[in-house]
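work19.txt, holding compact mmCIF, C-alpha atoms:
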# COMPACT_ATOMS: atom_id res chain seq x y z
CA MET A 1 -2.76 27.31 8.61
CA LYS A 2 -5.81 27.09 6.37
CA LYS A 3 -5.32 26.78 2.61
CA LEU A 4 -8.04 27.15 0.02
CA TRP A 5 -7.81 24.98 -3.10
CA LYS A 6 -10.38 26.32 -5.56
CA ASN A 7 -11.54 26.13 -9.19
CA CYS A 8 -11.75 22.37 -9.47
CA HIS A 9 -14.07 19.38 -9.76
CA ILE A 10 -13.76 16.57 -7.24
CA ALA A 11 -14.24 12.79 -7.40
CA THR A 12 -14.43 12.13 -3.66
CA MET A 13 -14.62 8.30 -4.07
CA GLN A 14 -16.90 7.96 -1.08
CA ALA A 15 -18.61 4.56 -1.04
CA GLY A 16 -16.40 3.49 -3.95
CA GLN A 17 -18.06 5.85 -6.44
CA TYR A 18 -17.00 9.07 -8.13
CA SER A 19 -19.44 11.01 -5.89
CA SER A 20 -18.56 14.04 -7.98
CA ILE A 21 -18.64 17.64 -6.81
CA GLU A 22 -18.42 20.12 -9.67
CA ASN A 23 -17.27 23.74 -9.28
CA ALA A 24 -15.76 22.70 -5.98
CA ALA A 25 -13.25 23.77 -3.36
CA ILE A 26 -11.19 22.13 -0.61
CA VAL A 27 -9.98 23.78 2.58
CA THR A 28 -7.03 22.12 4.27
CA LEU A 29 -5.84 22.79 7.79
CA GLY A 30 -2.39 21.41 8.38
CA GLN A 31 -2.36 17.83 7.17
CA GLN A 32 -6.14 17.36 7.11
CA ILE A 33 -9.17 18.26 5.03
CA HIS A 34 -11.02 20.92 6.99
CA TRP A 35 -13.90 21.48 4.54
CA ILE A 36 -14.96 20.22 1.11
CA GLY A 37 -17.91 21.13 -1.09
CA THR A 38 -19.14 23.39 -3.87
CA PHE A 39 -17.46 26.77 -4.14
CA LYS A 40 -20.77 28.59 -3.74
CA ASP A 41 -21.19 26.94 -0.32
CA LEU A 42 -17.67 27.84 0.84
CA PRO A 43 -17.87 29.36 4.35
CA ALA A 44 -16.54 32.87 4.74
CA ASP A 45 -13.13 32.62 6.36
CA ALA A 46 -9.57 33.88 6.22
CA TYR A 47 -7.07 31.72 4.33
CA ALA A 48 -3.32 31.89 4.59
CA GLU A 49 -3.02 30.78 0.98
CA THR A 50 -5.38 30.37 -1.99
CA ILE A 51 -4.41 27.96 -4.78
CA ASP A 52 -6.17 28.03 -8.16
CA LEU A 53 -6.38 24.51 -9.61
CA ASN A 54 -7.44 25.78 -13.03
CA GLY A 55 -10.43 23.51 -13.53
CA ALA A 56 -8.59 20.27 -12.68
CA TRP A 57 -10.31 17.06 -11.62
CA VAL A 58 -9.23 16.20 -8.08
CA THR A 59 -9.10 12.62 -6.80
CA PRO A 60 -7.74 11.09 -3.63
CA GLY A 61 -4.04 10.34 -3.78
CA LEU A 62 -3.54 6.90 -5.31
CA ILE A 63 -2.70 4.00 -2.99
CA ASP A 64 -0.40 1.16 -4.11
CA CYS A 65 -1.35 -1.48 -1.53
CA HIS A 66 0.88 -4.41 -2.58
CA THR A 67 4.50 -3.91 -3.63
CA HIS A 68 7.90 -5.58 -3.23
CA SER A 69 9.77 -2.39 -4.08
CA VAL A 70 12.97 -3.08 -2.12
CA PHE A 71 15.24 -5.68 -3.72
CA GLY A 72 18.68 -6.26 -5.15
CA GLY A 73 19.39 -6.87 -8.83
CA ASN A 74 16.71 -7.66 -11.40
CA ARG A 75 15.47 -10.71 -13.31
CA SER A 76 15.38 -9.59 -16.92
CA VAL A 77 17.14 -12.81 -18.00
CA GLU A 78 14.29 -14.84 -16.49
CA PHE A 79 11.84 -12.68 -18.40
CA GLU A 80 13.56 -13.76 -21.59
CA LYS A 81 13.39 -17.42 -20.52
CA ARG A 82 9.67 -17.19 -19.86
CA LEU A 83 9.17 -15.76 -23.33
CA GLN A 84 10.91 -18.88 -24.61
CA GLY A 85 8.38 -21.09 -22.82
CA VAL A 86 9.95 -21.82 -19.43
CA SER A 87 7.34 -21.61 -16.63
CA TYR A 88 7.68 -19.59 -13.43
CA ALA A 89 7.62 -22.85 -11.42
CA GLU A 90 10.43 -24.34 -13.53
CA ILE A 91 12.56 -21.23 -13.09
CA ALA A 92 12.03 -21.34 -9.34
CA ALA A 93 12.90 -25.05 -9.17
CA SER A 94 16.23 -24.42 -10.93
CA GLY A 95 17.37 -21.81 -8.39
CA GLY A 96 15.92 -18.78 -10.10
CA GLY A 97 12.84 -16.83 -9.19
CA ILE A 98 12.70 -15.53 -5.63
CA ALA A 99 15.93 -17.37 -4.72
CA SER A 100 17.98 -15.33 -7.19
CA THR A 101 16.61 -12.07 -5.81
CA VAL A 102 17.36 -13.30 -2.28
CA ARG A 103 21.02 -13.73 -3.22
CA ALA A 104 21.22 -10.25 -4.75
CA THR A 105 19.38 -8.65 -1.82
CA ARG A 106 21.60 -10.30 0.77
CA GLU A 107 24.68 -9.06 -1.07
CA ALA A 108 23.43 -5.45 -1.23
CA SER A 109 23.99 -2.91 1.52
CA GLU A 110 21.21 -0.83 3.07
CA GLU A 111 22.47 2.16 1.13
CA GLN A 112 22.37 0.26 -2.17
CA LEU A 113 18.89 -1.09 -1.52
CA LEU A 114 17.61 2.36 -0.57
CA ALA A 115 19.09 4.03 -3.65
CA SER A 116 17.63 1.47 -6.08
CA ALA A 117 14.23 1.42 -4.38
CA LEU A 118 13.93 5.21 -4.43
CA LYS A 119 14.41 5.24 -8.21
CA ARG A 120 11.50 2.85 -8.66
CA ILE A 121 9.20 4.41 -6.11
CA ARG A 122 9.71 7.90 -7.48
CA CYS A 123 8.14 6.62 -10.70
CA LEU A 124 5.05 5.65 -8.71
CA LEU A 125 5.03 9.02 -6.93
CA LYS A 126 5.05 10.78 -10.31
CA ASP A 127 2.04 8.64 -11.24
CA GLY A 128 0.03 10.13 -8.35
CA VAL A 129 0.75 7.54 -5.64
CA THR A 130 0.78 9.14 -2.19
CA THR A 131 0.51 5.94 -0.10
CA ILE A 132 2.45 2.72 -0.65
CA GLU A 133 2.83 -0.64 1.06
CA ILE A 134 6.24 -2.31 0.78
CA LYS A 135 6.98 -5.91 1.75
CA SER A 136 10.18 -7.55 2.88
CA GLY A 137 10.66 -11.20 1.85
CA TYR A 138 13.90 -11.21 -0.11
CA GLY A 139 16.12 -11.51 2.97
CA LEU A 140 14.71 -14.69 4.51
CA ASP A 141 16.88 -14.49 7.60
CA TYR A 142 16.75 -12.12 10.54
CA ALA A 143 19.64 -9.86 9.51
CA ASN A 144 18.49 -9.39 5.93
CA GLU A 145 14.78 -9.11 6.64
CA ARG A 146 15.72 -6.48 9.22
CA LYS A 147 17.87 -4.74 6.60
CA MET A 148 14.95 -4.59 4.17
CA LEU A 149 12.51 -3.35 6.80
CA ARG A 150 14.97 -0.65 7.91
CA VAL A 151 15.20 0.50 4.29
CA ILE A 152 11.40 0.68 4.11
CA ARG A 153 11.38 2.96 7.15
CA GLN A 154 14.06 5.13 5.51
CA ILE A 155 11.94 5.44 2.37
CA ALA A 156 9.14 6.83 4.55
CA GLU A 157 11.56 9.45 5.86
CA THR A 158 12.85 10.34 2.39
CA LEU A 159 9.78 10.59 0.16
CA PRO A 160 6.55 12.59 0.61
CA MET A 161 4.47 9.43 0.89
CA THR A 162 2.73 7.38 3.56
CA VAL A 163 4.67 4.09 3.67
CA ARG A 164 3.40 0.89 5.30
CA SER A 165 5.88 -1.86 6.10
CA THR A 166 4.88 -5.54 5.78
CA CYS A 167 7.01 -8.45 6.94
CA LEU A 168 6.91 -11.23 4.34
CA ALA A 169 9.55 -13.52 5.85
CA ALA A 170 7.29 -16.47 4.86
CA HIS A 171 7.83 -15.71 1.17
CA ALA A 172 10.04 -18.63 0.17
CA LEU A 173 12.27 -21.24 1.76
CA PRO A 174 15.85 -19.94 2.21
CA PRO A 175 18.70 -22.17 1.01
CA GLU A 176 19.95 -22.87 4.53
CA TYR A 177 16.56 -24.42 5.37
CA GLN A 178 16.31 -26.66 2.31
CA ASP A 179 13.73 -29.41 2.96
CA GLN A 180 13.10 -27.94 6.44
CA SER A 181 10.08 -25.72 5.86
CA ASP A 182 8.54 -26.44 9.26
CA ALA A 183 11.78 -25.47 10.99
CA TYR A 184 11.90 -22.22 9.02
CA ILE A 185 8.34 -21.36 9.98
CA GLU A 186 9.26 -22.00 13.62
CA HIS A 187 12.22 -19.65 13.22
CA ILE A 188 9.94 -16.94 11.80
CA CYS A 189 7.40 -17.35 14.60
CA ASN A 190 9.75 -17.76 17.56
CA ASP A 191 12.63 -15.48 16.59
CA MET A 192 12.23 -13.22 13.59
CA LEU A 193 8.75 -11.76 13.95
CA PRO A 194 8.93 -10.99 17.69
CA LYS A 195 12.30 -9.26 17.33
CA LEU A 196 11.38 -7.28 14.22
CA HIS A 197 8.10 -6.21 15.80
CA GLN A 198 9.87 -5.16 19.01
CA GLU A 199 12.13 -2.90 16.94
CA GLY A 200 9.07 -1.15 15.48
CA LEU A 201 9.79 -2.26 11.93
CA VAL A 202 6.55 -4.10 11.13
CA ASP A 203 3.08 -2.73 10.37
CA ALA A 204 1.58 -5.99 9.05
CA VAL A 205 2.49 -9.62 8.33
CA ASP A 206 2.15 -11.45 5.01
CA ALA A 207 2.89 -14.97 3.72
CA PHE A 208 2.89 -16.86 0.43
CA CYS A 209 0.41 -19.75 0.58
CA GLU A 210 1.19 -21.87 -2.45
CA TYR A 211 2.45 -25.35 -3.35
CA LEU A 212 5.90 -23.93 -4.16
CA ALA A 213 5.99 -21.89 -0.94
CA PHE A 214 4.10 -22.68 2.30
CA SER A 215 1.08 -24.81 3.18
CA PRO A 216 -2.08 -23.45 4.79
CA ALA A 217 -1.10 -25.16 8.07
CA GLN A 218 2.30 -23.45 8.05
CA VAL A 219 0.76 -20.09 7.15
CA GLU A 220 -1.71 -20.45 9.99
CA ARG A 221 1.17 -20.71 12.45
CA VAL A 222 2.51 -17.40 11.12
CA PHE A 223 -0.98 -15.88 11.45
CA LYS A 224 -1.26 -17.00 15.07
CA THR A 225 2.08 -15.40 15.87
CA ALA A 226 1.06 -12.16 14.16
CA GLN A 227 -2.21 -12.24 16.07
CA SER A 228 -0.35 -12.64 19.37
CA LEU A 229 1.67 -9.53 18.48
CA ASN A 230 -1.48 -7.58 17.52
CA LEU A 231 -0.25 -7.24 13.95
CA PRO A 232 -2.74 -7.25 11.06
CA ILE A 233 -2.28 -9.89 8.38
CA LYS A 234 -2.37 -10.18 4.60
CA LEU A 235 -1.84 -13.17 2.31
CA HIS A 236 -0.62 -14.12 -1.15
CA ALA A 237 -3.24 -16.73 -2.03
CA GLU A 238 -4.60 -18.79 -4.92
CA GLN A 239 -2.17 -17.41 -7.50
CA LEU A 240 -1.10 -20.73 -9.00
CA SER A 241 -3.39 -23.28 -7.35
CA SER A 242 -6.39 -23.58 -5.05
CA LEU A 243 -5.30 -24.27 -1.47
CA GLY A 244 -8.00 -22.37 0.42
CA GLY A 245 -5.58 -19.71 1.51
CA SER A 246 -8.08 -16.91 1.00
CA SER A 247 -10.59 -18.68 3.24
CA LEU A 248 -7.85 -19.10 5.85
CA ALA A 249 -7.08 -15.39 5.59
CA ALA A 250 -10.75 -14.59 6.07
CA ARG A 251 -10.92 -16.77 9.21
CA TYR A 252 -8.16 -14.63 10.69
CA GLN A 253 -9.84 -11.35 9.66
CA ALA A 254 -7.06 -10.54 7.21
CA LEU A 255 -6.95 -7.07 5.72
CA SER A 256 -6.56 -8.61 2.27
CA ALA A 257 -5.93 -11.72 0.24
CA ASP A 258 -4.02 -11.03 -2.97
CA HIS A 259 -3.74 -12.54 -6.50
CA LEU A 260 -6.74 -14.95 -6.20
CA GLU A 261 -6.88 -16.41 -9.73
CA PHE A 262 -7.74 -19.88 -8.40
CA MET A 263 -10.08 -18.96 -5.55
CA THR A 264 -13.42 -20.77 -5.26
CA GLU A 265 -16.91 -19.46 -4.60
CA ASP A 266 -16.58 -20.66 -0.99
CA ASP A 267 -13.42 -18.56 -0.67
CA VAL A 268 -15.32 -15.56 -2.02
CA LYS A 269 -18.14 -16.06 0.48
CA ALA A 270 -15.65 -16.31 3.35
CA MET A 271 -13.90 -13.10 2.33
CA ALA A 272 -17.23 -11.30 1.95
CA ALA A 273 -18.29 -12.31 5.45
CA ALA A 274 -14.96 -11.23 6.96
CA GLY A 275 -14.66 -7.96 5.02
CA THR A 276 -11.31 -9.08 3.63
CA VAL A 277 -10.33 -7.10 0.53
CA ALA A 278 -9.51 -8.88 -2.74
CA VAL A 279 -6.32 -7.32 -4.12
CA LEU A 280 -5.97 -8.14 -7.81
CA LEU A 281 -2.60 -7.83 -9.49
CA PRO A 282 -3.01 -7.43 -13.25
CA GLY A 283 0.69 -6.76 -13.78
CA ALA A 284 1.67 -10.26 -12.65
CA PHE A 285 -1.28 -11.75 -14.57
CA TYR A 286 -0.09 -10.02 -17.72
CA PHE A 287 3.64 -10.57 -17.22
CA LEU A 288 3.22 -14.31 -16.60
CA ARG A 289 0.77 -14.56 -19.50
CA GLU A 290 -1.81 -16.23 -17.27
CA THR A 291 -5.14 -17.41 -18.67
CA LYS A 292 -6.97 -18.18 -15.42
CA TYR A 293 -8.88 -15.04 -14.43
CA PRO A 294 -9.83 -14.11 -10.86
CA PRO A 295 -13.57 -14.74 -10.33
CA LEU A 296 -14.64 -11.14 -10.91
CA GLU A 297 -18.36 -11.84 -11.23
CA SER A 298 -18.41 -13.83 -8.01
CA LEU A 299 -16.43 -11.19 -6.11
CA GLN A 300 -18.85 -8.52 -7.27
CA GLN A 301 -21.92 -10.68 -6.64
CA TYR A 302 -20.98 -11.18 -2.98
CA GLY A 303 -19.86 -7.59 -2.46
CA VAL A 304 -16.16 -8.17 -1.82
CA ARG A 305 -14.16 -4.95 -2.08
CA ILE A 306 -11.73 -5.13 -4.99
CA ALA A 307 -8.40 -3.32 -4.90
CA LEU A 308 -5.70 -3.15 -7.56
CA SER A 309 -1.98 -2.76 -7.09
CA SER A 310 1.24 -2.71 -9.07
CA ASP A 311 2.81 -5.71 -7.27
CA LEU A 312 6.09 -4.00 -8.16
CA ASN A 313 8.69 -6.78 -7.94
CA PRO A 314 11.69 -7.95 -9.97
CA GLY A 315 10.32 -11.26 -11.19
CA THR A 316 6.66 -11.21 -12.08
CA SER A 317 5.57 -7.56 -12.17
CA PRO A 318 8.34 -4.99 -12.76
CA ALA A 319 5.62 -2.35 -12.98
CA LEU A 320 6.56 1.30 -12.50
CA SER A 321 3.09 2.74 -13.21
CA LEU A 322 -0.02 2.24 -11.11
CA ARG A 323 -2.02 4.04 -13.80
CA LEU A 324 -1.03 1.35 -16.28
CA MET A 325 -2.22 -1.26 -13.79
CA MET A 326 -5.52 0.61 -13.62
CA ASN A 327 -5.88 0.35 -17.38
CA MET A 328 -5.11 -3.36 -17.18
CA GLY A 329 -7.73 -3.69 -14.46
CA SER A 330 -10.26 -2.38 -16.98
CA THR A 331 -9.00 -4.07 -20.16
CA LEU A 332 -8.09 -7.46 -18.64
CA PHE A 333 -10.49 -7.75 -15.70
CA ARG A 334 -13.38 -5.71 -17.15
CA LEU A 335 -13.62 -3.26 -14.26
CA THR A 336 -15.16 0.08 -15.15
CA PRO A 337 -12.96 3.19 -14.79
CA GLU A 338 -14.99 4.15 -11.71
CA GLN A 339 -14.44 0.70 -10.14
CA THR A 340 -10.77 0.88 -11.06
CA LEU A 341 -10.31 4.29 -9.43
CA ALA A 342 -12.05 2.98 -6.30
CA ALA A 343 -9.68 0.01 -6.41
CA VAL A 344 -6.62 2.26 -5.98
CA THR A 345 -8.18 4.70 -3.51
CA ILE A 346 -10.83 3.75 -0.95
CA HIS A 347 -10.66 -0.03 -1.45
CA ALA A 348 -6.86 0.03 -1.38
CA ALA A 349 -7.10 2.01 1.87
CA HIS A 350 -9.23 -0.80 3.33
CA ALA A 351 -6.56 -3.29 2.20
CA LEU A 352 -4.07 -1.44 4.42
CA GLY A 353 -6.42 -0.75 7.31
CA LEU A 354 -6.24 3.00 6.55
CA GLN A 355 -9.84 3.59 5.47
CA GLU A 356 -10.57 5.95 8.37
CA THR A 357 -7.88 8.39 7.27
CA HIS A 358 -7.11 7.73 3.60
CA GLY A 359 -8.70 6.73 0.31
CA SER A 360 -11.49 9.27 -0.08
CA LEU A 361 -11.83 13.04 0.12
CA GLU A 362 -13.87 13.84 3.21
CA GLN A 363 -13.71 16.30 6.07
CA GLY A 364 -11.28 15.08 8.72
CA LYS A 365 -9.32 12.76 6.45
CA VAL A 366 -5.69 13.26 5.48
CA ALA A 367 -5.24 15.90 2.77
CA ASP A 368 -3.72 13.62 0.13
CA PHE A 369 -5.05 14.37 -3.34
CA VAL A 370 -4.10 14.75 -6.98
CA ALA A 371 -5.32 17.55 -9.27
CA TRP A 372 -5.37 16.08 -12.78
CA ASP A 373 -5.42 18.25 -15.92
CA ILE A 374 -8.17 16.15 -17.53
CA GLU A 375 -11.79 16.55 -18.60
CA HIS A 376 -13.18 13.47 -16.78
CA PRO A 377 -11.84 11.01 -14.16
CA SER A 378 -12.07 8.15 -16.65
CA GLU A 379 -9.06 9.66 -18.46
CA ILE A 380 -6.82 8.52 -15.59
CA VAL A 381 -7.55 4.94 -16.69
CA TYR A 382 -7.95 5.63 -20.41
CA TRP A 383 -4.51 6.99 -21.32
CA LEU A 384 -1.78 4.35 -21.77
CA GLY A 385 1.53 5.35 -20.23
CA GLY A 386 3.01 8.80 -20.41
CA ASP A 387 2.88 11.35 -17.63
CA LEU A 388 -0.52 13.00 -17.28
CA PRO A 389 -0.17 16.63 -16.19
CA LYS A 390 -1.01 16.82 -12.51
CA ARG A 391 -0.35 18.46 -9.17
CA ILE A 392 0.21 16.15 -6.20
CA ILE A 393 -0.70 17.22 -2.67
CA GLN A 394 0.42 15.13 0.27
CA HIS A 395 -0.56 16.02 3.85
CA GLY A 396 -1.77 19.41 2.62
CA ASN A 397 1.45 20.39 0.86
CA GLU A 398 2.16 20.36 -2.87
CA VAL A 399 4.83 17.84 -3.85
CA SER A 400 7.58 18.75 -6.27
CA ILE A 401 7.73 16.07 -8.98
Whole structure, structure tokens version:
Amino acid sequence: MKKLWKNCHIATMQAGQYSSIENAAIVTLGQQIHWIGTFKDLPADAYAETIDLNGAWVTPGLIDCHTHSVFGGNRSVEFEKRLQGVSYAEIAASGGGIASTVRATREASEEQLLASALKRIRCLLKDGVTTIEIKSGYGLDYANERKMLRVIRQIAETLPMTVRSTCLAAHALPPEYQDQSDAYIEHICNDMLPKLHQEGLVDAVDAFCEYLAFSPAQVERVFKTAQSLNLPIKLHAEQLSSLGGSSLAARYQALSADHLEFMTEDDVKAMAAAGTVAVLLPGAFYFLRETKYPPLESLQQYGVRIALSSDLNPGTSPALSLRLMMNMGSTLFRLTPEQTLAAVTIHAAHALGLQETHGSLEQGKVADFVAWDIEHPSEIVYWLGGDLPKRIIQHGNEVSI
């Protein structure tokens, strides 16, 4: 069934630029874009439905390519401690941080985890997000990682969004493996990942390469296992120290390396050569009051694609608005509004391996787009908070928000 969406202007975001089409129209056929261009060039055809977008600016649906949206409890008390001067590393060493969320997540049922996650993710949907990646990593044993991944699959069945599931079992050391990090990595590689993959619960594999998590050598073992299962990889790297994790990710053709405050120029060169996307997370940077900036000039100099994401998680980025993260990407990291919009559309699609179907408005791609009641695309980044008037279309159908 062909639908005509008319009376609009379009920022297609091809090649990471606005690539604007004014006085435009979109024809969708089922879940795909059948035709796109200026209204005067619209081919004569019969349409089952014609929708007037009233002069809106249309962009691709936003893509949140790095989230930890499924978890039990919250860590507002730790937030207060950090404001009193206690560091993230100190909180983690005293049993807080990820460990406290692991306890709460293990205690929660699938139903409880699903209900709480849906509340958070609906906020992102209302912000224009039509594609989201969600990581496990708060279970840290087979039963609870499986529970989280099952919830992620249920979210995909419940909400009008494309949902990608990432196994982050190598997120932290569980209490039952205290001082046995190598043994835990072996458990992930020999038992957890193969079983979870066999059940169809995993779209990609991630790890946390950091001095308070896992070493590059341990992460590489996880990468080799993922590679043997034909699963793409991602990596938390260089957030708190420089361990060369982003270069390791590049050697394994990772989709993305994320955080990256402490990456070196050699890391940047490696990622550029591999086509690995740099996912920057301004919410965590802001929430932790960091002062070490990712090397933006170097990333841009070597042509590394830059994506932005909410990093929605209970400890370091309880962010419920991707648009706010876009503003932070401009105000904190000095990205232009055009670069920022690319960072949550076409570049974010690359970070999930979805660039052939998502992230820009082109014939043959999935019909995910947002019609914003604004005068210019820069307004999406400009306005702080609130709910910009919009219409959200996912897979060719308007979403009720």
Practice item. List the residues sitting within 12 Å of (1.3, -12.7, -16.1) in the file's frame, using all atoms listed in the file, as number ranges by chain. Key: A: 79, 82-83, 87-88, 239-240, 259, 261, 280-293, 311, 315-319, 328, 332
Write out as a PDB file with C-alpha atoms, in the frame of the given file which residues come within 7 Å of A:Val58 when counting only C-alpha atoms, dropping same-chain ones fewer than 6 positions away.
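Result saved to out35.pdb:
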ATOM      1  CA  CYS A   8     -11.750  22.370  -9.470  1.00  0.00           C
ATOM      2  CA  HIS A   9     -14.070  19.380  -9.760  1.00  0.00           C
ATOM      3  CA  ILE A  10     -13.760  16.570  -7.240  1.00  0.00           C
ATOM      4  CA  ALA A  11     -14.240  12.790  -7.400  1.00  0.00           C
ATOM      5  CA  PHE A 369      -5.050  14.370  -3.340  1.00  0.00           C
ATOM      6  CA  VAL A 370      -4.100  14.750  -6.980  1.00  0.00           C
ATOM      7  CA  ALA A 371      -5.320  17.550  -9.270  1.00  0.00           C
ATOM      8  CA  TRP A 372      -5.370  16.080 -12.780  1.00  0.00           C
TER       9      TRP A 372
END
Exercise for review: Would you kindly return, as an MDAnalysis selection string, each protein, DNA or RNA residue with an atom no farther than 10 Å from any atom of A:Ala117, considering only C-alpha atoms and excluding same-chain residues fewer than 2 positions away?
Suggested key: chainID A and resid 68:72 111:115 119:122 151:152 155
Any chance you could export the current selection's C-alpha atoms as a JSON list (two decimals), keeping the file's coordinate frame?
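Okay, out-v1.json is ready:
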[["chain", "number", "residue", "atom", "x", "y", "z"],
["A", 68, "HIS", "CA", 7.90, -5.58, -3.23],
["A", 69, "SER", "CA", 9.77, -2.39, -4.08],
["A", 70, "VAL", "CA", 12.97, -3.08, -2.12],
["A", 71, "PHE", "CA", 15.24, -5.68, -3.72],
["A", 72, "GLY", "CA", 18.68, -6.26, -5.15],
["A", 111, "GLU", "CA", 22.47, 2.16, 1.13],
["A", 112, "GLN", "CA", 22.37, 0.26, -2.17],
["A", 113, "LEU", "CA", 18.89, -1.09, -1.52],
["A", 114, "LEU", "CA", 17.61, 2.36, -0.57],
["A", 115, "ALA", "CA", 19.09, 4.03, -3.65],
["A", 119, "LYS", "CA", 14.41, 5.24, -8.21],
["A", 120, "ARG", "CA", 11.50, 2.85, -8.66],
["A", 121, "ILE", "CA", 9.20, 4.41, -6.11],
["A", 122, "ARG", "CA", 9.71, 7.90, -7.48],
["A", 151, "VAL", "CA", 15.20, 0.50, 4.29],
["A", 152, "ILE", "CA", 11.40, 0.68, 4.11],
["A", 155, "ILE", "CA", 11.94, 5.44, 2.37]]
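Taking only C-alpha atoms, the non-local environment of A:Asn327 within 12 Å (same-chain residues fewer than 5 positions away omitted) comprises Leu281, Pro282, Gly283, Tyr286, Leu308, Ser309, Ser310, Ser321, Leu322, Leu332, Phe333, Arg334, Leu335, Thr336, Pro337, Glu338, Gln339, Thr340, Leu341, Ala343, Val344, Ser378, Glu379, Ile380, Val381, Tyr382, Trp383, Leu384 and Gly385 of chain A.
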Hey, can you spit out that residue selection with C-alpha atoms as a short mmCIF file (atom, residue, chain, number, x, y, z; two decimals), in the frame of the given file?
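Here's the written file result_3.cif:
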data_model
loop_
_atom_site.label_atom_id
_atom_site.label_comp_id
_atom_site.auth_asym_id
_atom_site.auth_seq_id
_atom_site.Cartn_x
_atom_site.Cartn_y
_atom_site.Cartn_z
CA LEU A 281 -2.60 -7.83 -9.49
CA PRO A 282 -3.01 -7.43 -13.25
CA GLY A 283 0.69 -6.76 -13.78
CA TYR A 286 -0.09 -10.02 -17.72
CA LEU A 308 -5.70 -3.15 -7.56
CA SER A 309 -1.98 -2.76 -7.09
CA SER A 310 1.24 -2.71 -9.07
CA SER A 321 3.09 2.74 -13.21
CA LEU A 322 -0.02 2.24 -11.11
CA LEU A 332 -8.09 -7.46 -18.64
CA PHE A 333 -10.49 -7.75 -15.70
CA ARG A 334 -13.38 -5.71 -17.15
CA LEU A 335 -13.62 -3.26 -14.26
CA THR A 336 -15.16 0.08 -15.15
CA PRO A 337 -12.96 3.19 -14.79
CA GLU A 338 -14.99 4.15 -11.71
CA GLN A 339 -14.44 0.70 -10.14
CA THR A 340 -10.77 0.88 -11.06
CA LEU A 341 -10.31 4.29 -9.43
CA ALA A 343 -9.68 0.01 -6.41
CA VAL A 344 -6.62 2.26 -5.98
CA SER A 378 -12.07 8.15 -16.65
CA GLU A 379 -9.06 9.66 -18.46
CA ILE A 380 -6.82 8.52 -15.59
CA VAL A 381 -7.55 4.94 -16.69
CA TYR A 382 -7.95 5.63 -20.41
CA TRP A 383 -4.51 6.99 -21.32
CA LEU A 384 -1.78 4.35 -21.77
CA GLY A 385 1.53 5.35 -20.23
#
Check your understanding: Which residue out of A:Ala226, A:Leu62, A:Ala89, A:Ile33 has the minimum interatomic distance to A:Lys126 when only C-alpha atoms are used?
Key -> A:Leu62
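The closest residue to A:Pro60, picked from A:Val129, A:Leu4, A:Val277, A:Ala92 and counting only C-alpha atoms, is A:Val129.
Candidate residues A:Thr59, A:Ala249, A:Gln394, A:Leu352 were compared for distance to A:Ala274, and the nearest is A:Ala249, using all atoms listed in the file.
Closest to A:Val219 among A:Leu168, A:Ala108, A:Met263, A:Ile393 is A:Leu168, based on only C-alpha atoms.
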Revision key, fill the gap. Expressed in Å, the length from atom CA of A:Phe208 to atom CA of A:Ala172 is 7.4 Å
Review point. Contacts of A:Ser246 at 6 Å or less, counting all atoms listed in the file, minus same-chain residues fewer than 2 places along, as a PyMOL selection string?
Key: chain A and resi 237+244+248-249+257+267
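Summary of the local environment: counting all atoms listed in the file, residues at most 9 Å from A:Glu356, other than itself and those fewer than 4 positions away along its chain, are A:Ala349, A:His350, A:Lys365.
For the set A:His197, A:Arg221, A:Arg164, A:Lys40, the residue with the smallest atom-to-atom gap to A:Ala183 is A:Arg221, counting all atoms listed in the file.
Minimum atom-to-atom distances from A:Leu231, A:Ala270, A:Thr105, A:Ser247 to A:Lys147 were compared using only C-alpha atoms, and the lowest value belongs to A:Thr105.
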Exercise for review: Taking (-5.2, -12.6, 16.2) in the file's own coordinates, collect the residues within 12 Å, counting only C-alpha atoms, and hand them back as a PyMOL selection string.
Suggested key: chain A and resi 204-205+220-233+249-255
Filled-in N, CA, C and O atoms of stretch 261-265 of chain A, supplied as a CSV table (one decimal), in the frame of the given file:
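What follows is the written file part.csv:
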chain,number,residue,atom,x,y,z
A,261,GLU,N,-6.4,-15.8,-8.5
A,261,GLU,CA,-6.9,-16.4,-9.7
A,261,GLU,C,-7.6,-17.7,-9.5
A,261,GLU,O,-8.5,-18.0,-10.3
A,262,PHE,N,-7.2,-18.5,-8.6
A,262,PHE,CA,-7.7,-19.9,-8.4
A,262,PHE,C,-8.7,-20.0,-7.2
A,262,PHE,O,-9.0,-21.1,-6.7
A,263,MET,N,-9.2,-18.9,-6.7
A,263,MET,CA,-10.1,-19.0,-5.6
A,263,MET,C,-11.4,-19.5,-6.0
A,263,MET,O,-11.9,-19.4,-7.1
A,264,THR,N,-12.1,-20.2,-5.0
A,264,THR,CA,-13.4,-20.8,-5.3
A,264,THR,C,-14.5,-19.9,-4.8
A,264,THR,O,-14.3,-18.9,-4.1
A,265,GLU,N,-15.8,-20.2,-5.1
A,265,GLU,CA,-16.9,-19.5,-4.6
A,265,GLU,C,-17.0,-19.5,-3.1
A,265,GLU,O,-17.3,-18.5,-2.4
